[in-house]
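Visitor: If it helps, the file is called protein.txt and holds compact mmCIF, C-alpha atoms and all ligand atoms:
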# COMPACT_ATOMS: atom_id res chain seq x y z
CA MET A 1 61.73 11.47 -150.23
CA ASN A 2 64.44 13.42 -152.04
CA ILE A 3 65.75 15.59 -149.16
CA HIS A 4 69.27 17.00 -149.32
CA ARG A 5 70.61 18.21 -145.97
CA PHE A 6 73.47 20.65 -145.46
CA GLU A 7 75.13 22.09 -142.37
CA GLU A 8 75.63 25.44 -144.08
CA VAL A 9 74.88 26.90 -147.51
CA THR A 10 74.83 30.43 -148.89
CA SER A 11 71.11 30.07 -149.51
CA THR A 12 68.96 26.95 -149.89
CA ASN A 13 67.32 28.64 -152.90
CA ASP A 14 70.75 29.01 -154.55
CA LYS A 15 71.59 25.39 -153.79
CA ALA A 16 68.22 24.29 -155.22
CA ARG A 17 68.87 26.37 -158.34
CA GLU A 18 72.22 24.62 -158.85
CA MET A 19 70.52 21.26 -158.48
CA VAL A 20 67.83 22.23 -160.99
CA ALA A 21 70.59 23.07 -163.48
CA GLU A 22 71.94 19.56 -162.89
CA GLY A 23 68.51 18.07 -163.62
CA THR A 24 67.22 17.30 -160.12
CA PRO A 25 63.61 16.03 -160.21
CA GLY A 26 60.54 17.88 -158.99
CA GLY A 27 59.92 17.29 -155.29
CA THR A 28 63.60 17.74 -154.41
CA VAL A 29 64.00 19.49 -151.07
CA VAL A 30 67.07 21.36 -149.80
CA VAL A 31 67.33 21.88 -146.03
CA ALA A 32 70.19 23.67 -144.29
CA LYS A 33 71.02 24.24 -140.63
CA SER A 34 72.27 27.74 -141.43
CA GLN A 35 72.66 30.10 -144.37
CA THR A 36 75.50 32.56 -144.86
CA ALA A 37 73.56 34.65 -147.42
CA GLY A 38 69.90 33.83 -146.81
CA ARG A 39 67.74 35.92 -149.12
CA GLY A 40 64.39 37.58 -148.55
CA ARG A 41 62.06 39.37 -150.94
CA SER A 42 62.84 42.77 -152.43
CA GLY A 43 66.60 42.26 -152.12
CA ARG A 44 66.52 41.91 -148.33
CA SER A 45 68.50 39.32 -146.42
CA TRP A 46 67.01 36.58 -144.24
CA PHE A 47 68.55 36.20 -140.79
CA SER A 48 69.72 32.56 -140.80
CA PRO A 49 71.78 31.60 -137.72
CA ASN A 50 72.45 28.01 -136.75
CA ASP A 51 69.69 28.14 -134.22
CA ASP A 52 67.32 25.30 -134.98
CA ASN A 53 65.23 27.30 -137.39
CA LEU A 54 63.92 25.89 -140.64
CA TYR A 55 65.55 27.00 -143.91
CA LEU A 56 64.10 24.96 -146.74
CA SER A 57 63.68 25.11 -150.52
CA PHE A 58 61.28 22.92 -152.45
CA VAL A 59 61.75 22.33 -156.19
CA HIS A 60 58.47 22.29 -158.07
CA ARG A 61 58.55 21.37 -161.75
CA THR A 62 55.36 22.47 -163.45
CA SER A 63 53.87 22.35 -166.92
CA LEU A 64 52.08 25.67 -166.38
CA ASP A 65 52.88 28.80 -168.30
CA PRO A 66 55.31 30.89 -166.18
CA ARG A 67 52.74 33.70 -166.01
CA SER A 68 50.31 31.35 -164.28
CA CYS A 69 52.77 30.55 -161.47
CA ALA A 70 52.49 33.89 -159.66
CA GLY A 71 49.57 32.77 -157.47
CA MET A 72 51.49 29.79 -156.07
CA THR A 73 52.98 31.99 -153.40
CA ILE A 74 49.48 32.61 -152.00
CA ASP A 75 48.98 28.86 -151.62
CA VAL A 76 52.36 28.44 -149.92
CA GLY A 77 51.31 31.06 -147.37
CA VAL A 78 48.11 29.11 -146.76
CA VAL A 79 50.10 25.87 -146.27
CA ILE A 80 52.26 27.44 -143.55
CA ALA A 81 49.35 29.21 -141.87
CA GLU A 82 47.24 26.03 -141.77
CA LEU A 83 50.16 23.94 -140.50
CA LEU A 84 50.95 26.33 -137.66
CA THR A 85 47.25 26.71 -136.83
CA ARG A 86 46.96 22.92 -136.54
CA LYS A 87 49.89 22.99 -134.15
CA GLY A 88 48.05 25.50 -131.98
CA PHE A 89 49.58 28.81 -133.10
CA ASP A 90 47.30 31.77 -133.77
CA VAL A 91 48.91 33.00 -136.99
CA GLU A 92 47.76 35.44 -139.66
CA LEU A 93 48.85 36.17 -143.21
CA LYS A 94 50.09 39.60 -144.15
CA TRP A 95 49.75 40.16 -147.87
CA PRO A 96 51.32 38.90 -149.97
CA ASN A 97 52.92 36.14 -147.93
CA ASP A 98 54.37 37.01 -144.57
CA VAL A 99 53.25 34.75 -141.76
CA LEU A 100 52.73 36.69 -138.53
CA LEU A 101 52.49 35.41 -134.97
CA ASN A 102 51.42 37.94 -132.35
CA GLY A 103 51.78 40.58 -135.08
CA LEU A 104 55.44 39.68 -135.65
CA LYS A 105 56.96 37.86 -138.59
CA VAL A 106 57.59 34.18 -137.88
CA ALA A 107 57.97 32.91 -141.46
CA GLY A 108 58.79 34.27 -144.90
CA ILE A 109 58.44 32.87 -148.40
CA LEU A 110 60.64 33.52 -151.42
CA CYS A 111 59.33 31.87 -154.60
CA GLU A 112 61.69 32.09 -157.54
CA LEU A 113 60.96 31.02 -161.09
CA VAL A 114 63.73 29.51 -163.16
CA THR A 115 63.53 27.64 -166.44
CA ASP A 116 65.06 24.34 -167.31
CA GLY A 117 64.91 24.18 -171.08
CA ALA A 118 61.31 25.00 -171.86
CA GLN A 119 59.94 23.90 -168.51
CA PRO A 120 59.33 26.39 -165.70
CA VAL A 121 60.61 25.38 -162.29
CA VAL A 122 59.43 27.15 -159.16
CA ILE A 123 61.83 27.16 -156.23
CA VAL A 124 59.81 27.70 -153.09
CA GLY A 125 62.05 28.99 -150.30
CA ILE A 126 60.69 29.05 -146.76
CA GLY A 127 62.27 30.42 -143.63
CA LEU A 128 60.49 29.57 -140.38
CA ASN A 129 61.83 30.84 -137.09
CA VAL A 130 61.37 27.86 -134.78
CA ASN A 131 63.83 27.90 -131.87
CA GLY A 132 65.86 31.02 -132.60
CA SER A 133 65.50 33.38 -129.66
CA GLU A 134 67.65 36.39 -130.43
CA PHE A 135 67.38 38.72 -133.38
CA PRO A 136 69.60 41.59 -134.44
CA ALA A 137 68.43 45.03 -133.27
CA GLU A 138 66.78 45.94 -136.59
CA LEU A 139 64.60 42.81 -136.45
CA SER A 140 63.84 42.57 -132.75
CA SER A 141 60.64 44.62 -132.98
CA ILE A 142 59.31 42.92 -136.13
CA ALA A 143 60.35 39.25 -135.92
CA THR A 144 59.56 36.36 -133.62
CA SER A 145 59.95 32.59 -133.39
CA LEU A 146 57.78 29.76 -132.11
CA LEU A 147 60.07 29.58 -129.08
CA ASN A 148 59.73 33.27 -128.32
CA ALA A 149 55.95 33.04 -128.60
CA THR A 150 55.54 30.05 -126.29
CA HIS A 151 58.69 30.22 -124.14
CA GLU A 152 59.45 26.59 -124.91
CA PRO A 153 61.42 24.85 -127.67
CA HIS A 154 59.66 23.00 -130.49
CA ASP A 155 60.60 19.83 -132.38
CA ILE A 156 61.66 20.89 -135.84
CA GLU A 157 61.38 17.43 -137.52
CA PRO A 158 57.59 17.00 -137.43
CA ILE A 159 57.13 20.58 -138.62
CA GLU A 160 59.51 19.99 -141.52
CA GLU A 161 57.86 16.68 -142.41
CA ASP A 162 54.35 18.13 -142.46
CA LEU A 163 55.50 21.19 -144.37
CA ILE A 164 57.09 19.15 -147.17
CA ARG A 165 54.05 16.89 -147.48
CA ASP A 166 51.57 19.80 -147.50
CA LEU A 167 53.65 21.84 -149.94
CA ALA A 168 53.82 18.99 -152.45
CA GLN A 169 50.03 18.56 -152.24
CA ALA A 170 49.28 22.27 -152.50
CA LEU A 171 51.57 22.85 -155.49
CA ASN A 172 50.12 19.87 -157.37
CA ARG A 173 46.62 21.15 -156.59
CA TYR A 174 47.64 24.58 -157.88
CA ASP A 175 48.84 23.03 -161.16
CA ALA A 176 45.48 21.32 -161.58
CA ARG A 177 43.37 24.40 -160.75
CA THR A 178 45.76 27.22 -161.82
CA THR A 179 44.04 29.60 -159.43
CA PRO A 180 45.17 30.48 -155.91
CA ASP A 181 43.42 29.11 -152.82
CA VAL A 182 41.86 32.45 -152.00
CA GLU A 183 39.31 30.97 -149.62
CA GLY A 184 42.10 29.40 -147.59
CA TYR A 185 44.01 32.67 -147.66
CA ARG A 186 41.01 34.67 -146.44
CA ARG A 187 40.67 32.35 -143.42
CA HIS A 188 44.02 33.67 -142.14
CA PHE A 189 43.71 37.26 -143.38
CA ARG A 190 43.05 39.97 -140.79
CA MET A 191 44.21 43.09 -142.61
CA THR A 192 40.76 44.23 -143.74
CA GLY A 193 40.03 47.74 -142.46
CA ARG A 194 43.65 48.45 -141.55
CA ARG A 195 45.56 51.46 -142.81
CA VAL A 196 48.67 50.74 -144.82
CA ILE A 197 51.32 52.59 -146.80
CA LEU A 198 51.79 51.38 -150.36
CA THR A 199 55.16 51.13 -152.09
CA GLY A 200 55.62 54.70 -153.26
CA GLY A 201 54.28 56.21 -150.04
CA GLU A 202 50.54 56.42 -150.74
CA SER A 203 48.24 55.82 -147.78
CA ALA A 204 45.34 53.36 -148.17
CA GLU A 205 42.79 51.28 -146.31
CA VAL A 206 42.69 47.53 -146.95
CA GLU A 207 39.36 46.29 -148.33
CA GLY A 208 40.17 42.61 -148.81
CA ILE A 209 41.62 39.94 -151.08
CA SER A 210 40.49 39.67 -154.69
CA ASN A 211 39.56 36.35 -156.28
CA GLY A 212 42.93 36.40 -158.01
CA GLY A 213 44.82 36.80 -154.71
CA GLY A 214 45.50 40.54 -155.10
CA LEU A 215 45.16 43.08 -152.29
CA ILE A 216 42.15 45.40 -152.70
CA VAL A 217 42.91 48.83 -151.26
CA LYS A 218 41.01 52.10 -151.11
CA THR A 219 43.03 55.29 -151.57
CA SER A 220 41.92 58.89 -152.03
CA GLU A 221 41.71 58.03 -155.74
CA GLY A 222 39.29 55.11 -155.21
CA SER A 223 39.64 51.32 -154.96
CA ARG A 224 42.22 49.28 -156.79
CA THR A 225 43.74 45.82 -156.65
CA LEU A 226 47.46 45.36 -156.13
CA ARG A 227 48.89 42.31 -157.87
CA SER A 228 52.40 42.50 -156.49
CA GLY A 229 54.51 44.59 -154.13
CA GLU A 230 54.32 45.00 -150.40
CA VAL A 231 52.50 47.23 -147.97
CA LYS A 232 53.45 48.55 -144.56
CA PHE A 233 51.18 48.83 -141.56
CA VAL A 234 50.85 52.44 -140.47
CA GLY A 235 52.66 53.04 -137.19
CA ILE A 236 54.06 49.51 -136.91
CA ASP A 237 56.34 48.57 -139.81
CA PRO A 238 59.68 50.33 -140.10
C1 LIG B 301 60.86 37.16 -147.06
O1 LIG B 301 59.95 37.21 -146.23
O2 LIG B 301 61.44 38.19 -147.42
C2 LIG B 301 61.23 35.83 -147.64
C3 LIG B 301 62.21 35.09 -146.78
C4 LIG B 301 62.55 33.72 -147.33
C5 LIG B 301 63.67 33.05 -146.56
C6 LIG B 301 63.92 31.64 -147.00
S1 LIG B 301 65.04 30.78 -145.94
C7 LIG B 301 65.12 29.46 -147.07
C8 LIG B 301 65.16 30.08 -148.45
N1 LIG B 301 66.54 30.43 -148.80
C9 LIG B 301 66.70 31.74 -148.92
O3 LIG B 301 67.80 32.29 -149.17
N2 LIG B 301 65.57 32.38 -148.68
C10 LIG B 301 64.49 31.46 -148.40
Would it be possible to restate this file's structure as structure tokens?
Guide:
Amino acid sequence: MNIHRFEEVTSTNDKAREMVAEGTPGGTVVVAKSQTAGRGRSGRSWFSPNDDNLYLSFVHRTSLDPRSCAGMTIDVGVVIAELLTRKGFDVELKWPNDVLLNGLKVAGILCELVTDGAQPVVIVGIGLNVNGSEFPAELSSIATSLLNATHEPHDIEPIEEDLIRDLAQALNRYDARTTPDVEGYRRHFRMTGRRVILTGGESAEVEGISNGGGLIVKTSEGSRTLRSGEVKFVGIDP
């Protein structure tokens, strides 16, 4: 297994990107104990102390058209949700790909597409809060860790091992099917019927997940399917 371990990096996704530029093969994994500039979606940062959490990036070289890669992120969410469910955690997926435990975020996914010559390369970045117990004030009401949920520490190695194996399988399966694992996603999706605020401030009710992995919402204007973006739970998310 092609795993590169670091004590500290700016971001495992950045390190993976550098390695892609140097020609690293598909299946390369970058793992760091801490990140000084961990990145989240929408320009946010990812809290990455040296606290026995998992910060990992997986390099996936694909022959798919870059436009067909968007749904991969749905499958990565399913991989994490299934893995944690198998380990006894009652997790749910918040669209598009936050993993929640007790309603709080325990894992996040940042998929970035880069090209290497003509070939698209997807860098799948995953942050999983395993044994971190303290969060900065702005995160304390929205984030959690496996430790905080169970009040006991968890072995990070078996989680990492299973995650890498399952990711490789899921991404290869995605390449073969080119459609997201919507059935798997729906098994962990509990947002149906909930009120959310869309990017832009519009209020909506969640109706479900489309066959393409989009979020179906009903607003005062009628139903529509969101393909990207994020939504906030009314009265919960900041
Ligand atoms: C999000 O929910 O906003 C996505 C968070 C993704 C965090 C992970 S940690 C490992 C990888 N390296 C990064 O800089 N970000 C991702």
Visitor: Pick out the residues no farther than 8 Å from ligand LIG 301 (chain B), counting all atoms listed in the file, and list them as a ChimeraX atom specification.
Guide: /A:10-14,31,35,37-42,44-46,48,54-57,97-98,107-110,124-128
Visitor: What does the distance between CA of His4 (chain A) and CA of Val20 (chain A) come to in Å, to one decimal place?
Guide: 12.9 Å
Visitor: Using only C-alpha atoms, which protein or nucleic acid residues come within 8 Å of region 90-96 of chain A? Drop anything in the same chain fewer than 2 positions from it, and give the result as a PyMOL selection string.
Guide: chain A and resi 73-74+77-78+81+84-85+88+98-103+185+188-191+214-215+228-231
Visitor: Go ahead and compute the interatomic distance for CA of Ile197 (chain A) and CA of Ala149 (chain A), in Å to one decimal.
Guide: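 Computing the Euclidean distance for CA of Ile197 (chain A) and CA of Ala149 (chain A) yields 27.1 Å.
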Visitor: Extract, using only C-alpha atoms, all DNA, RNA and protein residues at most 9 Å from Ile156 (chain A), discarding same-chain residues fewer than 3 positions from it, and format them as a ChimeraX atom specification.
Guide: /A:52-54,130-131,159-161
Visitor: Which residue, A:Phe135, A:Phe6, A:Tyr174, A:Phe89, has the smallest gap to Phe47 (chain A) when you use only C-alpha atoms?
Guide: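 Distance minimum relative to Phe47 (chain A) lands on A:Phe135.
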Visitor: To one decimal place in Å, what is the distance between CA of His154 (chain A) and CA of Gly184 (chain A)?
Guide: 25.3 Å
